[in-house]
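S.K.: Just dropping this structure here.
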Amino acid sequence: KTILIALFEEKTDTYIGTRRIVHRIQTAVEKNYSMDLNLKMFADLMNISYSYLSAVFKSETGYSFKEYLNLVRINKAKDFFMRTGIFYI
């Protein structure tokens, strides 16, 4: 969790823009996709309503947070398999 907090040290006391909010979350997901992540954690870190953040994330990405997280994880697994040639069934 400490790694994630570092990405969100800048307080969101003022409006920072929905794209920037979503970009910060996407960056955190890309770097920490193997952790137990959820949107409520990000909402709490950014001092933003969970409902608002959920709607903003979906609007900006076209995916719910869970869908996006799973997509990142699947793509990382694909990359790993392509790089290493290791396939588990």
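So you can find residues: chains in the structure tokens are A, B, ... in the order shown, residues in each start at 1, and ligands are numbered from 1 in order.
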Can you pull out the residues contacting A:Tyr50? Cut-off 8 Å, using only C-alpha atoms, and skip same-chain residues under 6 positions away; I want them as a PyMOL selection string.

M.R.: chain A and resi 39-40+43-44

S.K.: Counting only C-alpha atoms, which of A:Ile21, A:Leu71, A:Ala28, A:Met35 gets nearest to A:Asn47?

M.R.: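 Closest residue, counting only C-alpha atoms: A:Ile21.
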
S.K.: Taking into account only C-alpha atoms, which residue in the set A:Val56, A:Leu45, A:Ala77, A:Met82 is nearest to A:His23?

M.R.: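 Using only C-alpha atoms, the shortest distance to A:His23 belongs to A:Val56.
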
S.K.: Which is closer to A:Glu67 than all the others in A:Asn38, A:Thr18, A:Asp79, A:Tyr52, using only C-alpha atoms?

M.R.: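 Of A:Asn38, A:Thr18, A:Asp79, A:Tyr52, the one nearest A:Glu67 is A:Asn38, counting only C-alpha atoms.
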
S.K.: Excluding A:Asp36 and any residue of its chain fewer than 2 positions from it, enumerate the residues within 12 Å of it, using only C-alpha atoms, and give them as a PDB file with C-alpha atoms, in the first residue's frame.

M.R.:
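out00.pdb, written as the output of this step:
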ATOM      1  CA  LYS A   1       0.000   0.000   0.000  1.00  0.00           C
ATOM      2  CA  LEU A   4       0.403   3.394  -3.984  1.00  0.00           C
ATOM      3  CA  ALA A  28      -0.715   2.718 -10.212  1.00  0.00           C
ATOM      4  CA  VAL A  29      -2.489  -0.311 -11.687  1.00  0.00           C
ATOM      5  CA  ASN A  32       1.053  -2.751  -8.961  1.00  0.00           C
ATOM      6  CA  TYR A  33      -1.265  -5.068 -10.890  1.00  0.00           C
ATOM      7  CA  SER A  34      -0.294  -8.081  -8.777  1.00  0.00           C
ATOM      8  CA  ASN A  38      -9.741  -1.901  -5.554  1.00  0.00           C
ATOM      9  CA  LEU A  39     -11.298   1.403  -6.495  1.00  0.00           C
ATOM     10  CA  LYS A  40     -12.338   2.233  -2.923  1.00  0.00           C
ATOM     11  CA  MET A  41      -8.668   2.294  -1.942  1.00  0.00           C
ATOM     12  CA  PHE A  42      -7.945   4.854  -4.649  1.00  0.00           C
ATOM     13  CA  LYS A  66     -12.427  -4.384 -12.182  1.00  0.00           C
ATOM     14  CA  LEU A  69      -7.590  -4.361 -13.729  1.00  0.00           C
ATOM     15  CA  ASN A  70      -8.371  -7.777 -15.211  1.00  0.00           C
ATOM     16  CA  ARG A  73      -3.429  -8.568 -15.660  1.00  0.00           C
TER      17      ARG A  73
END

S.K.: Rounded to one decimal place, report the atom CA of A:Ile25-atom CA of A:Thr84 distance in Å.

M.R.: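 Computed distance, atom CA of A:Ile25 to atom CA of A:Thr84, equals 28.2 Å.
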
S.K.: So the first atom is atom CA of A:Gly62 and the second is atom CA of A:Phe80; what is the distance between them in Å, to one decimal place?

M.R.: 25.3 Å

S.K.: When distances are computed from only C-alpha atoms, which of A:Lys78, A:Phe65, A:Leu53, A:Ile86 shows the smallest separation from A:Arg20?

M.R.: A:Leu53

S.K.: How far is it from atom CA of A:Asn75 to atom CA of A:Gln26, in Å with one decimal?

M.R.: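 Interatomic distance here is 13.8 Å.
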